[in-house]
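Visitor: Got a file for you: protein.txt, compact mmCIF, C-alpha atoms.
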```txt
# COMPACT_ATOMS: atom_id res chain seq x y z
CA MET A 1 5.90 62.32 -13.32
CA GLU A 2 8.47 60.09 -14.94
CA ASN A 3 7.77 57.50 -17.64
CA GLY A 4 4.02 57.75 -17.10
CA VAL A 5 4.28 56.36 -13.51
CA PRO A 6 3.14 58.75 -10.78
CA ALA A 7 5.74 59.54 -8.12
CA PRO A 8 5.19 57.82 -4.74
CA PHE A 9 3.51 59.97 -2.13
CA TRP A 10 6.22 59.28 0.48
CA ARG A 11 9.54 57.62 1.02
CA ASP A 12 10.64 55.45 3.97
CA GLY A 13 7.12 54.75 5.10
CA PRO A 14 4.65 51.87 4.99
CA THR A 15 3.97 50.35 1.55
CA PRO A 16 0.28 49.69 0.98
CA GLY A 17 -0.53 46.00 1.18
CA SER A 18 2.37 44.95 3.40
CA LEU A 19 3.00 45.02 7.13
CA TYR A 20 5.09 48.02 8.02
CA GLN A 21 8.48 47.21 9.60
CA PHE A 22 9.05 50.02 12.11
CA PRO A 23 12.58 51.44 12.02
CA GLY A 24 14.89 50.72 14.92
CA ARG A 25 13.87 47.10 15.42
CA THR A 26 16.75 45.09 16.83
CA SER A 27 15.08 41.73 17.47
CA ALA A 28 15.33 38.93 14.89
CA LYS A 29 12.74 38.91 12.14
CA VAL A 30 9.65 36.99 13.13
CA PRO A 31 7.94 35.37 10.18
CA ILE A 32 4.95 37.52 9.36
CA ARG A 33 2.69 34.63 8.47
CA GLU A 34 2.38 32.65 11.68
CA ARG A 35 0.50 29.49 11.15
CA THR A 36 -1.01 28.77 14.55
CA GLN A 37 -4.60 28.57 13.53
CA GLN A 38 -7.98 28.50 15.15
CA PRO A 39 -10.14 25.39 15.23
CA ILE A 40 -13.34 25.72 13.17
CA VAL A 41 -15.61 22.67 13.36
CA MET A 42 -14.91 21.14 16.73
CA GLY A 43 -15.64 18.04 18.74
CA THR A 44 -16.04 18.23 22.48
CA SER A 45 -14.91 15.83 25.21
CA VAL A 46 -13.82 12.25 24.76
CA LEU A 47 -13.82 9.89 27.74
CA GLY A 48 -11.81 6.75 28.33
CA VAL A 49 -11.69 4.18 31.11
CA LYS A 50 -9.88 0.89 31.71
CA PHE A 51 -11.89 -2.00 33.14
CA SER A 52 -11.19 -5.63 33.90
CA GLY A 53 -11.31 -7.24 30.49
CA GLY A 54 -10.23 -4.22 28.47
CA VAL A 55 -10.62 -0.54 27.86
CA MET A 56 -13.45 1.65 26.57
CA ILE A 57 -13.64 5.08 25.01
CA ALA A 58 -16.69 7.21 24.28
CA ALA A 59 -17.50 10.39 22.37
CA ASP A 60 -20.62 12.10 21.16
CA THR A 61 -21.33 12.54 17.44
CA LEU A 62 -21.55 16.32 17.31
CA GLY A 63 -19.43 18.70 15.23
CA SER A 64 -19.96 22.24 16.53
CA TYR A 65 -19.45 25.36 14.45
CA GLY A 66 -18.93 27.76 17.30
CA SER A 67 -22.22 27.70 19.18
CA LEU A 68 -24.08 26.09 16.27
CA ALA A 69 -24.70 22.35 16.48
CA ARG A 70 -23.82 21.97 12.82
CA PHE A 71 -22.96 18.34 12.09
CA ARG A 72 -25.07 16.15 14.29
CA SER A 73 -23.98 12.68 13.25
CA ILE A 74 -20.26 12.48 12.67
CA SER A 75 -17.97 9.85 14.06
CA ARG A 76 -15.16 11.04 16.27
CA LEU A 77 -13.88 7.52 16.82
CA LEU A 78 -11.54 5.64 14.50
CA ARG A 79 -10.81 1.92 14.51
CA VAL A 80 -7.12 1.74 13.69
CA ASN A 81 -6.77 -2.05 13.63
CA ASP A 82 -7.96 -5.13 15.50
CA GLU A 83 -6.21 -3.98 18.67
CA THR A 84 -6.48 -0.18 18.69
CA VAL A 85 -9.04 2.61 18.56
CA ILE A 86 -8.54 6.36 18.76
CA ALA A 87 -10.91 9.25 19.38
CA ALA A 88 -10.43 12.96 18.78
CA SER A 89 -11.69 16.16 20.25
CA GLY A 90 -10.87 19.55 18.78
CA ASP A 91 -10.73 20.52 15.13
CA TYR A 92 -12.58 17.95 13.03
CA ALA A 93 -10.73 18.73 9.80
CA ASP A 94 -7.41 17.99 11.51
CA PHE A 95 -8.86 14.70 12.76
CA GLN A 96 -9.95 13.81 9.21
CA PHE A 97 -6.39 14.50 8.04
CA VAL A 98 -4.87 12.30 10.75
CA LYS A 99 -7.51 9.63 9.97
CA GLU A 100 -6.31 9.42 6.37
CA LEU A 101 -2.66 9.27 7.44
CA ILE A 102 -3.33 6.47 9.91
CA GLU A 103 -5.54 4.49 7.54
CA GLN A 104 -2.87 4.56 4.83
CA LYS A 105 -0.19 3.58 7.37
CA VAL A 106 -2.25 0.65 8.59
CA LEU A 107 -3.02 -0.45 5.01
CA ASP A 108 0.68 -0.31 4.05
CA ASP A 109 1.42 -2.44 7.09
CA GLU A 110 -1.32 -5.00 6.32
CA LEU A 111 -0.10 -5.40 2.74
CA LEU A 112 3.16 -6.88 3.99
CA VAL A 113 1.31 -9.95 5.33
CA ASP A 114 3.80 -10.49 8.12
CA SER A 115 1.33 -11.03 10.99
CA HIS A 116 2.62 -7.86 12.62
CA SER A 117 0.42 -4.85 13.25
CA TYR A 118 0.76 -1.59 15.14
CA SER A 119 0.10 -2.01 18.85
CA PRO A 120 -1.85 0.68 20.74
CA SER A 121 1.34 2.01 22.33
CA SER A 122 3.02 2.17 18.88
CA VAL A 123 0.12 4.20 17.51
CA PHE A 124 0.28 6.42 20.59
CA SER A 125 4.01 6.95 20.18
CA TRP A 126 3.64 7.79 16.49
CA LEU A 127 0.78 10.23 17.13
CA THR A 128 2.79 11.96 19.84
CA ARG A 129 5.73 12.39 17.45
CA VAL A 130 3.50 13.88 14.77
CA LEU A 131 1.69 16.27 17.12
CA TYR A 132 4.85 17.46 18.82
CA TYR A 133 6.56 17.99 15.48
CA ARG A 134 3.69 20.15 14.26
CA ARG A 135 3.85 22.09 17.56
CA THR A 136 7.53 22.82 16.96
CA ARG A 137 6.60 24.24 13.55
CA MET A 138 3.99 26.46 15.22
CA ASN A 139 1.41 24.77 12.99
CA PRO A 140 -0.44 22.38 15.29
CA LEU A 141 -3.07 19.79 14.54
CA TRP A 142 -5.64 21.27 16.92
CA ASN A 143 -6.79 18.07 18.58
CA THR A 144 -6.64 16.09 21.76
CA TYR A 145 -6.57 12.37 21.05
CA LEU A 146 -7.33 9.37 23.19
CA VAL A 147 -5.62 6.14 22.12
CA ALA A 148 -6.98 2.91 23.53
CA GLY A 149 -6.52 -0.77 22.92
CA VAL A 150 -5.49 -4.20 24.11
CA HIS A 151 -2.23 -5.82 23.04
CA GLU A 152 -1.24 -9.33 24.16
CA GLY A 153 -3.71 -9.17 27.00
CA GLU A 154 -2.56 -5.80 28.32
CA SER A 155 -4.87 -2.78 28.13
CA PHE A 156 -3.60 0.59 27.02
CA LEU A 157 -5.14 4.04 27.43
CA GLY A 158 -3.30 7.26 26.58
CA GLN A 159 -3.97 10.89 25.77
CA VAL A 160 -1.96 13.28 23.61
CA ASP A 161 -2.83 16.86 22.76
CA LEU A 162 -1.97 19.59 20.28
CA LEU A 163 1.12 20.58 22.27
CA GLY A 164 2.45 17.05 22.17
CA VAL A 165 1.81 16.48 25.88
CA ALA A 166 1.29 12.75 26.25
CA TYR A 167 0.40 10.57 29.21
CA GLU A 168 -1.29 7.34 30.15
CA SER A 169 -3.82 6.80 32.89
CA PRO A 170 -6.57 4.31 33.81
CA THR A 171 -9.17 7.07 33.33
CA LEU A 172 -8.99 9.97 30.89
CA ALA A 173 -11.20 12.79 29.68
CA THR A 174 -10.52 15.68 27.31
CA GLY A 175 -12.03 19.15 27.15
CA TYR A 176 -14.79 19.94 29.64
CA GLY A 177 -14.84 16.25 30.50
CA ALA A 178 -11.57 16.79 32.35
CA TYR A 179 -13.46 18.97 34.82
CA MET A 180 -16.81 17.23 34.95
CA ALA A 181 -16.29 13.58 34.08
CA GLN A 182 -12.75 12.83 35.25
CA PRO A 183 -13.57 13.22 38.98
CA LEU A 184 -16.47 10.79 38.55
CA LEU A 185 -14.38 8.35 36.54
CA ARG A 186 -11.52 8.49 39.03
CA ASP A 187 -13.87 7.97 41.92
CA ALA A 188 -15.44 4.93 40.30
CA TYR A 189 -12.05 3.54 39.28
CA GLU A 190 -10.42 4.02 42.67
CA LYS A 191 -13.30 2.37 44.47
CA ASN A 192 -13.05 -0.61 42.12
CA PRO A 193 -9.68 -0.80 40.34
CA ALA A 194 -9.56 -2.97 37.20
CA MET B 1 19.84 -17.72 -31.99
CA SER B 2 19.78 -14.16 -30.79
CA SER B 3 21.72 -11.65 -32.81
CA ILE B 4 24.72 -9.97 -31.26
CA GLY B 5 24.32 -6.22 -31.07
CA THR B 6 28.01 -5.47 -31.25
CA GLY B 7 28.60 -1.83 -30.67
CA TYR B 8 24.92 -0.88 -30.54
CA ASP B 9 24.17 -2.47 -27.22
CA LEU B 10 26.25 -0.38 -24.87
CA SER B 11 23.48 1.78 -23.53
CA ALA B 12 19.73 2.13 -23.59
CA SER B 13 20.08 5.43 -25.40
CA GLN B 14 21.38 3.75 -28.57
CA PHE B 15 19.42 2.39 -31.49
CA SER B 16 20.84 -0.34 -33.70
CA PRO B 17 20.75 0.15 -37.49
CA ASP B 18 17.70 -2.11 -37.68
CA GLY B 19 15.79 -0.05 -35.15
CA ARG B 20 16.25 -2.15 -32.01
CA VAL B 21 17.26 -1.07 -28.55
CA PHE B 22 19.41 -4.00 -27.49
CA GLN B 23 19.58 -3.17 -23.82
CA VAL B 24 15.82 -3.57 -23.59
CA GLU B 25 16.02 -6.89 -25.42
CA TYR B 26 18.73 -8.08 -23.07
CA ALA B 27 16.51 -7.09 -20.15
CA GLN B 28 13.83 -9.35 -21.63
CA LYS B 29 16.40 -12.21 -21.55
CA ALA B 30 16.67 -11.79 -17.80
CA VAL B 31 12.92 -12.35 -17.61
CA ASP B 32 13.06 -15.38 -19.87
CA ASN B 33 15.69 -17.05 -17.68
CA SER B 34 13.68 -16.74 -14.50
CA SER B 35 11.31 -19.33 -13.08
CA THR B 36 7.76 -19.32 -14.42
CA ALA B 37 4.86 -17.21 -13.22
CA ILE B 38 1.36 -17.41 -14.66
CA ALA B 39 -1.91 -15.62 -14.06
CA VAL B 40 -5.44 -16.30 -15.28
CA LYS B 41 -8.49 -14.04 -15.28
CA GLY B 42 -11.59 -16.08 -14.62
CA LYS B 43 -15.21 -15.08 -14.57
CA ASP B 44 -15.17 -13.81 -11.00
CA GLY B 45 -11.55 -13.14 -10.19
CA VAL B 46 -7.86 -13.52 -11.00
CA VAL B 47 -5.59 -16.36 -9.88
CA ILE B 48 -1.79 -15.99 -9.86
CA GLY B 49 0.63 -18.89 -9.55
CA VAL B 50 4.41 -18.96 -9.30
CA GLU B 51 6.93 -21.78 -9.58
CA LYS B 52 9.36 -20.88 -6.80
CA LEU B 53 12.47 -22.96 -7.37
CA VAL B 54 14.16 -24.19 -4.22
CA MET B 55 17.72 -22.95 -4.59
CA SER B 56 18.95 -24.48 -1.37
CA LYS B 57 17.60 -26.72 1.36
CA LEU B 58 18.71 -24.07 3.81
CA HIS B 59 16.19 -21.54 2.48
CA GLU B 60 12.97 -21.06 4.39
CA SER B 61 10.25 -21.85 1.90
CA THR B 62 7.90 -19.05 2.95
CA SER B 63 10.49 -16.31 2.71
CA ASN B 64 11.28 -14.47 -0.49
CA ARG B 65 7.72 -14.07 -1.67
CA ARG B 66 7.22 -13.80 -5.40
CA ILE B 67 3.67 -12.52 -5.06
CA LEU B 68 3.14 -9.13 -3.44
CA ASN B 69 0.21 -6.99 -2.35
CA ILE B 70 0.23 -3.63 -4.03
CA ASP B 71 -3.08 -2.44 -2.68
CA ARG B 72 -5.94 -4.21 -0.97
CA HIS B 73 -7.48 -5.18 -4.29
CA ILE B 74 -4.32 -5.53 -6.42
CA GLY B 75 -1.78 -8.33 -6.47
CA MET B 76 1.49 -8.45 -8.35
CA THR B 77 3.93 -11.09 -9.38
CA MET B 78 7.09 -10.92 -11.40
CA ALA B 79 9.78 -12.77 -13.31
CA GLY B 80 13.35 -11.69 -13.87
CA LEU B 81 15.58 -9.73 -11.53
CA LEU B 82 13.52 -9.89 -8.34
CA ALA B 83 15.25 -6.96 -6.68
CA ASP B 84 14.31 -4.78 -9.67
CA ALA B 85 10.74 -5.97 -9.36
CA ARG B 86 10.56 -5.09 -5.68
CA GLN B 87 11.59 -1.53 -6.55
CA ILE B 88 8.71 -1.41 -9.01
CA ALA B 89 6.38 -2.79 -6.35
CA SER B 90 7.47 -0.05 -3.98
CA THR B 91 6.77 2.62 -6.61
CA ALA B 92 3.44 1.01 -7.48
CA LYS B 93 2.43 1.10 -3.81
CA GLU B 94 3.22 4.81 -3.69
CA GLU B 95 1.09 5.40 -6.77
CA CYS B 96 -1.81 3.58 -5.12
CA SER B 97 -1.35 5.60 -1.95
CA SER B 98 -1.22 8.94 -3.79
CA TYR B 99 -4.29 8.07 -5.88
CA ARG B 100 -6.21 7.16 -2.75
CA SER B 101 -5.15 10.38 -1.04
CA LEU B 102 -6.14 12.52 -4.04
CA PHE B 103 -9.29 10.77 -5.23
CA GLY B 104 -10.52 9.16 -2.04
CA GLY B 105 -10.65 5.54 -3.22
CA PRO B 106 -8.75 2.54 -4.56
CA ILE B 107 -6.97 3.00 -7.86
CA PRO B 108 -8.45 1.21 -10.88
CA LEU B 109 -5.89 -1.29 -12.18
CA LYS B 110 -5.99 0.29 -15.62
CA TYR B 111 -4.53 3.53 -14.25
CA LEU B 112 -1.97 1.79 -12.06
CA THR B 113 -0.77 -0.23 -15.04
CA ASP B 114 -0.34 2.96 -17.05
CA ARG B 115 1.70 4.48 -14.27
CA VAL B 116 3.89 1.37 -13.87
CA SER B 117 4.39 1.20 -17.65
CA MET B 118 5.45 4.83 -17.81
CA PHE B 119 7.82 4.28 -14.92
CA MET B 120 9.45 1.23 -16.48
CA HIS B 121 9.60 2.91 -19.86
CA ALA B 122 11.42 5.93 -18.43
CA TYR B 123 14.36 3.66 -17.56
CA THR B 124 14.73 2.66 -21.22
CA LEU B 125 15.43 6.20 -22.40
CA TYR B 126 18.73 7.16 -20.81
CA SER B 127 22.26 5.88 -20.89
CA VAL B 128 22.70 6.59 -17.21
CA TYR B 129 20.08 3.94 -16.28
CA ARG B 130 19.59 0.36 -17.28
CA PRO B 131 16.10 -0.95 -18.02
CA PHE B 132 14.33 -2.99 -15.33
CA GLY B 133 15.17 -6.65 -15.83
CA CYS B 134 11.72 -7.93 -14.93
CA SER B 135 8.19 -8.36 -16.25
CA ILE B 136 5.35 -7.49 -13.93
CA ILE B 137 1.94 -9.17 -13.78
CA LEU B 138 -0.83 -7.18 -12.08
CA GLY B 139 -4.25 -8.56 -11.21
CA SER B 140 -7.25 -7.05 -9.46
CA TYR B 141 -10.95 -7.42 -8.84
CA GLU B 142 -13.03 -4.30 -9.10
CA ALA B 143 -16.71 -3.37 -9.08
CA ASP B 144 -16.94 -4.10 -12.79
CA GLY B 145 -15.04 -7.35 -12.72
CA PRO B 146 -11.54 -8.85 -12.72
CA TYR B 147 -8.59 -7.27 -14.52
CA LEU B 148 -5.22 -8.70 -15.54
CA TYR B 149 -2.29 -6.80 -17.05
CA MET B 150 1.34 -7.53 -17.78
CA VAL B 151 4.13 -4.97 -18.20
CA GLU B 152 7.37 -5.86 -19.97
CA PRO B 153 10.85 -4.34 -19.49
CA SER B 154 10.26 -2.09 -22.50
CA GLY B 155 7.34 -0.46 -20.71
CA VAL B 156 4.76 -1.97 -23.05
CA SER B 157 1.70 -3.35 -21.30
CA TRP B 158 -1.21 -5.45 -22.42
CA GLY B 159 -4.45 -6.66 -20.84
CA TYR B 160 -4.75 -10.45 -20.76
CA HIS B 161 -7.21 -13.24 -20.18
CA ALA B 162 -4.23 -15.35 -19.16
CA CYS B 163 -0.50 -14.76 -19.33
CA ALA B 164 2.77 -16.52 -18.56
CA ILE B 165 6.30 -15.22 -18.05
CA GLY B 166 9.62 -16.91 -17.33
CA LYS B 167 11.46 -19.92 -18.67
CA ALA B 168 8.45 -22.16 -19.33
CA ARG B 169 6.20 -19.46 -20.71
CA LEU B 170 5.79 -21.03 -24.15
CA ALA B 171 4.73 -24.40 -22.74
CA ALA B 172 2.52 -22.61 -20.21
CA LYS B 173 0.88 -20.50 -22.91
CA THR B 174 0.07 -23.63 -24.89
CA GLU B 175 -1.65 -25.09 -21.84
CA LEU B 176 -3.40 -21.83 -21.07
CA GLU B 177 -4.79 -21.61 -24.59
CA LYS B 178 -6.58 -24.90 -24.00
CA LEU B 179 -8.59 -23.28 -21.20
CA LYS B 180 -11.65 -21.10 -21.49
CA PRO B 181 -10.92 -18.90 -18.48
CA GLN B 182 -13.99 -16.68 -18.81
CA GLU B 183 -16.14 -19.68 -17.90
CA LEU B 184 -14.18 -20.81 -14.87
CA THR B 185 -14.50 -19.71 -11.27
CA CYS B 186 -11.52 -18.91 -9.05
CA GLN B 187 -11.73 -22.24 -7.24
CA GLU B 188 -11.56 -24.11 -10.56
CA LEU B 189 -8.72 -21.88 -11.75
CA VAL B 190 -6.64 -22.68 -8.66
CA LYS B 191 -6.62 -26.34 -9.74
CA GLU B 192 -5.86 -25.44 -13.36
CA VAL B 193 -2.98 -23.13 -12.44
CA ALA B 194 -1.48 -25.73 -10.09
CA ASN B 195 -1.84 -28.30 -12.87
CA ILE B 196 -0.14 -26.15 -15.50
CA LEU B 197 2.77 -25.21 -13.27
CA HIS B 198 3.42 -28.86 -12.50
CA ILE B 199 3.21 -29.80 -16.17
CA VAL B 200 5.64 -27.13 -17.37
CA HIS B 201 8.13 -27.58 -14.54
CA ASP B 202 11.39 -28.95 -15.88
CA GLU B 203 12.31 -31.81 -13.54
CA VAL B 204 15.62 -32.44 -15.19
CA LYS B 205 17.15 -28.99 -14.97
CA ASP B 206 15.42 -27.70 -11.86
CA LYS B 207 14.87 -29.95 -8.90
CA GLU B 208 12.20 -29.05 -6.41
CA PHE B 209 9.83 -26.14 -6.45
CA VAL B 210 7.33 -24.58 -4.08
CA LEU B 211 4.01 -23.50 -5.51
CA GLU B 212 3.00 -20.00 -4.39
CA MET B 213 -0.52 -18.99 -5.34
CA SER B 214 -2.74 -16.03 -4.72
CA TRP B 215 -6.17 -14.89 -5.81
CA VAL B 216 -8.43 -11.87 -5.80
CA GLY B 217 -12.12 -12.03 -6.63
CA GLU B 218 -15.64 -12.59 -5.38
CA VAL B 219 -14.39 -15.45 -3.26
CA THR B 220 -12.14 -13.12 -1.27
CA GLY B 221 -14.52 -10.18 -1.27
CA GLY B 222 -12.27 -8.21 -3.60
CA LYS B 223 -9.21 -8.53 -1.36
CA HIS B 224 -5.97 -9.91 -2.79
CA GLU B 225 -4.84 -12.82 -0.61
CA PHE B 226 -2.69 -15.91 -0.71
CA VAL B 227 -4.70 -19.00 -1.57
CA PRO B 228 -5.19 -20.98 1.67
CA GLU B 229 -2.42 -23.54 2.16
CA GLU B 230 -4.82 -26.47 2.40
CA MET B 231 -6.35 -25.54 -0.93
CA VAL B 232 -2.96 -25.37 -2.64
CA ALA B 233 -1.84 -28.64 -1.04
CA ASP B 234 -5.13 -30.21 -2.12
CA ALA B 235 -4.75 -29.03 -5.71
CA GLU B 236 -1.16 -30.32 -5.80
CA ARG B 237 -2.22 -33.72 -4.48
CA GLN B 238 -4.88 -33.99 -7.17
CA VAL B 239 -2.38 -32.96 -9.86
CA LYS B 240 0.21 -35.50 -8.69
CA ALA B 241 -2.40 -38.24 -8.49
CA ALA B 242 -3.54 -37.46 -12.04
CA MET B 243 0.08 -37.48 -13.26
CA GLU B 244 0.76 -40.84 -11.64
CA GLU B 245 -2.39 -42.27 -13.17
CA SER B 246 -1.42 -41.13 -16.65
CA SER B 247 2.19 -42.35 -16.29
CA GLY B 248 0.85 -45.63 -14.84
CA SER B 249 -1.39 -46.20 -17.90
CA GLU B 250 1.59 -45.50 -20.18
CA ASP B 251 3.52 -48.31 -18.49
CA GLU B 252 0.63 -50.69 -19.11
CA GLU B 253 0.69 -49.83 -22.81
CA ASP B 254 4.39 -50.71 -22.95
CA LEU B 255 3.64 -54.18 -21.61
```
The structure in this file should be written as C-alpha cells.

Guide:
Amino acid sequence: MENGVPAPFWRDGPTPGSLYQFPGRTSAKVPIRERTQQPIVMGTSVLGVKFSGGVMIAADTLGSYGSLARFRSISRLLRVNDETVIAASGDYADFQFVKELIEQKVLDDELLVDSHSYSPSSVFSWLTRVLYYRRTRMNPLWNTYLVAGVHEGESFLGQVDLLGVAYESPTLATGYGAYMAQPLLRDAYEKNPA
Amino acid sequence: MSSIGTGYDLSASQFSPDGRVFQVEYAQKAVDNSSTAIAVKGKDGVVIGVEKLVMSKLHESTSNRRILNIDRHIGMTMAGLLADARQIASTAKEECSSYRSLFGGPIPLKYLTDRVSMFMHAYTLYSVYRPFGCSIILGSYEADGPYLYMVEPSGVSWGYHACAIGKARLAAKTELEKLKPQELTCQELVKEVANILHIVHDEVKDKEFVLEMSWVGEVTGGKHEFVPEEMVADAERQVKAAMEESSGSEDEEDL
C-alpha cells in the first residue's frame, strides 16, 4: 500500500474497462472502435421503371423496427427538384440525413438564380460519391437509393447502394423487390420497351 | 471637409486622440462613393432597388447582380466594395445554412443581422485586417411581417422602415421621408422606389443606369425574388412620363 492507493492485483494483464491487447501480435493495429453500424428503423424495397413519357418510382410508407411495423406513414420518396426524385430503402435515419444535405444543396443552387439546376444524373453522381466515400471510411450510410428523373427529354433511372455500387437500368428494385418484383418488371419492360 | 487622421489612421487597431477609428471611417467613404441602393419596408413586404451604373457599353446588363439571395426568404443588397460584399453574402449564406441544419427552419432576419454585424465588426478590431468597405441591406418577410436591416462597415446595425446607401443617399432619404411606407403595398412601393432612384440619379456625372429591383412579401409568398421585368419597365415608363410632364409644364411657365 503506497500513498493510500492499493497495489494492482496483476501486472502485464488486461486492464479493466479496455480491450486487452494480447502479446505477440504482429499485425498492424486495427482501430478498436469500428464504425460499421447496423440499420435500426428500416424501409423495404423501392421499385423503379422507365416508360414512354418518363420514369416512375414507388415505395411503401412503412418504417420497420425489426419485425415491428413501427412508423406506418413515413415518406421514403424525396423530390429533389423539378426534374429529379429519389427514394431510399434501408436505414431511415441515414435517409433523413441525406435528405437534409440534398435539400440544402438544392436551395443553395436555387439562390443563385442562374436557371441551372442539378440534373438527375448529377444528383446520382453526387450521391454515389458520398456513399462510396463513407464506405471507404467504414462508416456507411446504410441505404440503397433509386434516383429517377427526366432531363431535356431524356429519362434517367439509377440505383446506388451503401457500398457505392452504382448502375442504371430501365427497371430497378431494391431489397426483396430485386428477387420478387424485378423479374416481373423486366418481363413487362422487355415485352414492351419504352 | 473630412479631417485627416495623420498618423492615427494606419490600422484598424488604432484610436485617434478624439476617439475615432479612422480606418472604419475611411471604409464608410467607400460606401458613400458607390452607386445608390435603397430599400423600403411596406405593410406586406420589402422592396429593394439599386441604381446599377453602366460602366461600359460592353458590359452585359444582367451580369454583376447587386441584389443577392441569402436564403429563400432573405434578400441582400450592398453599396461600396462589391467584392467585399460578396464575401459577406457568402458568410451570411453559411449562417443561414447552419441555422437551418441546427434548428430545422429558416433563420429569422434579426438573428442573421446580428451574425453579419458581429462578423463585420470583427474585421474592425485587428491591424492585420482591414474593415469591409461596404454597407449591407437585408430584407425579409416572415410569419410576423416584413423586416429590414442595414449593417455598416463598423458592424453597427439598425432596423429601418426605409433606408438608402451610396452616393445619393441624402437625396434619397429626403424622398423616402415623404413616404408613409407602412401604408403602402409592395406593388405601390415598386413604383415609388423606381421613382426615387430616377429622381436622385445624377445625369451629369453618371450617364446611364440599369434599375435592378427585388421584393419579398405576401405577393411572392415569402420568397425573395427579382421584380418581374415587365413590372420594372412599366414603373420606369410611368416615372419617365411623369418627369417629362413636369419638365414640359416648366417650359410653359417660362413662355

Visitor: Residues of chain B near chain A: apply a cut-off of 8 Å, count only C-alpha atoms, and supply the list as a list in words.

Guide: Leu68, Asn69, Ile70, Asp71, Arg72, Ser97 and Ser101 of chain B

Visitor: Which polymer residues, protein or nucleic acid, are no farther than 9 Å from (-9.4, -6.8, 29.4), counting all atoms listed in the file, as a ChimeraX atom specification?

Guide: /A:50-55,150,153-155,194

Visitor: If you count only C-alpha atoms, which residues fall within 8 Å of B:Trp158, apart from same-chain ones fewer than 5 positions away, as a list in words?

Guide: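 Surrounding residues, per the criterion: Tyr149, Met150 and Val151 of chain B.
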
Visitor: Pick out the residues sitting within 12 Å of B:Phe15, and hand them over as a list in words; count all atoms listed in the file, and ignore anything fewer than 6 positions along from it in its own chain.

Guide: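 Contacts, in chain order: Gly5, Thr6, Gly7, Tyr8, Asp9, Val21, Phe22, Gln23, Val24, Glu25, Thr124, Leu125, Tyr126 and Ser127 of chain B.
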
Visitor: Could the residues in this selection be saved with C-alpha atoms as a compact mmCIF listing (two decimals), keeping the file's coordinate frame?

Guide:
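File produced: out_9.txt:
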```txt
# COMPACT_ATOMS: atom_id res chain seq x y z
CA GLY B 5 24.32 -6.22 -31.07
CA THR B 6 28.01 -5.47 -31.25
CA GLY B 7 28.60 -1.83 -30.67
CA TYR B 8 24.92 -0.88 -30.54
CA ASP B 9 24.17 -2.47 -27.22
CA VAL B 21 17.26 -1.07 -28.55
CA PHE B 22 19.41 -4.00 -27.49
CA GLN B 23 19.58 -3.17 -23.82
CA VAL B 24 15.82 -3.57 -23.59
CA GLU B 25 16.02 -6.89 -25.42
CA THR B 124 14.73 2.66 -21.22
CA LEU B 125 15.43 6.20 -22.40
CA TYR B 126 18.73 7.16 -20.81
CA SER B 127 22.26 5.88 -20.89
```

Visitor: Which protein, DNA or RNA residues have an atom at most 8 Å from (1.6, -21.3, -6.2), counting only C-alpha atoms? List them as a ChimeraX atom specification.

Guide: /B:48-52,193-194,210-214,232

Visitor: Nearest to B:Ile74: which of B:Val190, B:Leu102, B:Leu112, B:Cys134 is it, counting only C-alpha atoms?

Guide: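 That would be B:Leu112, the residue with the smallest distance to B:Ile74.
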
Visitor: Between atom CA of B:Pro181 and atom CA of B:Ile165, measure the distance and give it in Å to one decimal.

Guide: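 Distance reported for this atom pair: 17.6 Å.
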
Visitor: Please return the centre and edge lengths, in Å to one decimal, of a box with edges along x, y and z that contains all listed atoms of stretch 80-83 of chain B, widened by 4 Å on every side, as AutoDock Vina command-line options.

Guide:
```
--center_x 14.5 --center_y -9.3 --center_z -10.3 --size_x 10.2 --size_y 12.7 --size_z 15.2
```

Visitor: Which is closest to B:Cys163 among B:Ser56, B:Ser98, B:Thr77, B:Asn33, if we use all atoms listed in the file?

Guide: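 Once distances to B:Cys163 are computed over all atoms listed in the file, the minimum belongs to B:Thr77.
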
Visitor: I'd like the contact shell of B:Gly133 - 9 Å cut-off, only C-alpha atoms, skipping same-chain residues fewer than 6 positions apart - returned as a compact mmCIF listing (two decimals) with C-alpha atoms, in the coordinates of the input.

Guide:
```
# COMPACT_ATOMS: atom_id res chain seq x y z
CA VAL B 24 15.82 -3.57 -23.59
CA TYR B 26 18.73 -8.08 -23.07
CA ALA B 27 16.51 -7.09 -20.15
CA GLN B 28 13.83 -9.35 -21.63
CA LYS B 29 16.40 -12.21 -21.55
CA ALA B 30 16.67 -11.79 -17.80
CA VAL B 31 12.92 -12.35 -17.61
CA ALA B 79 9.78 -12.77 -13.31
CA GLY B 80 13.35 -11.69 -13.87
CA LEU B 81 15.58 -9.73 -11.53
CA LEU B 82 13.52 -9.89 -8.34
CA ASP B 84 14.31 -4.78 -9.67
CA ALA B 85 10.74 -5.97 -9.36
CA GLU B 152 7.37 -5.86 -19.97
CA PRO B 153 10.85 -4.34 -19.49
```

Visitor: Can you pull out every residue within 12 Å of A:Ala58, counting all atoms listed in the file, but drop anything in the same chain fewer than 2 positions away, and send it as a ChimeraX atom specification?

Guide: /A:44-50,55-56,60-61,75-78,85-89,145-148,171-174,177,181

Visitor: As an exercise, work out the distance from atom CA of B:Lys43 to atom CA of B:Leu184 in Å and give it to one decimal place.

Guide: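 Result for atom CA of B:Lys43 versus atom CA of B:Leu184: 5.8 Å, one decimal.
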
Visitor: If you measure from atom CA of A:Gln182 to atom CA of A:Met42, what distance in Å do you get, rounded to one decimal?

Guide: 20.4 Å

Visitor: Using only C-alpha atoms, which protein or nucleic acid residues come within 9 Å of B:Asn195? Drop anything in the same chain fewer than 5 positions from it, and give the result as a list in words.

Guide: Val190, Val200, Ala235, Glu236, Gln238, Val239 and Lys240 of chain B
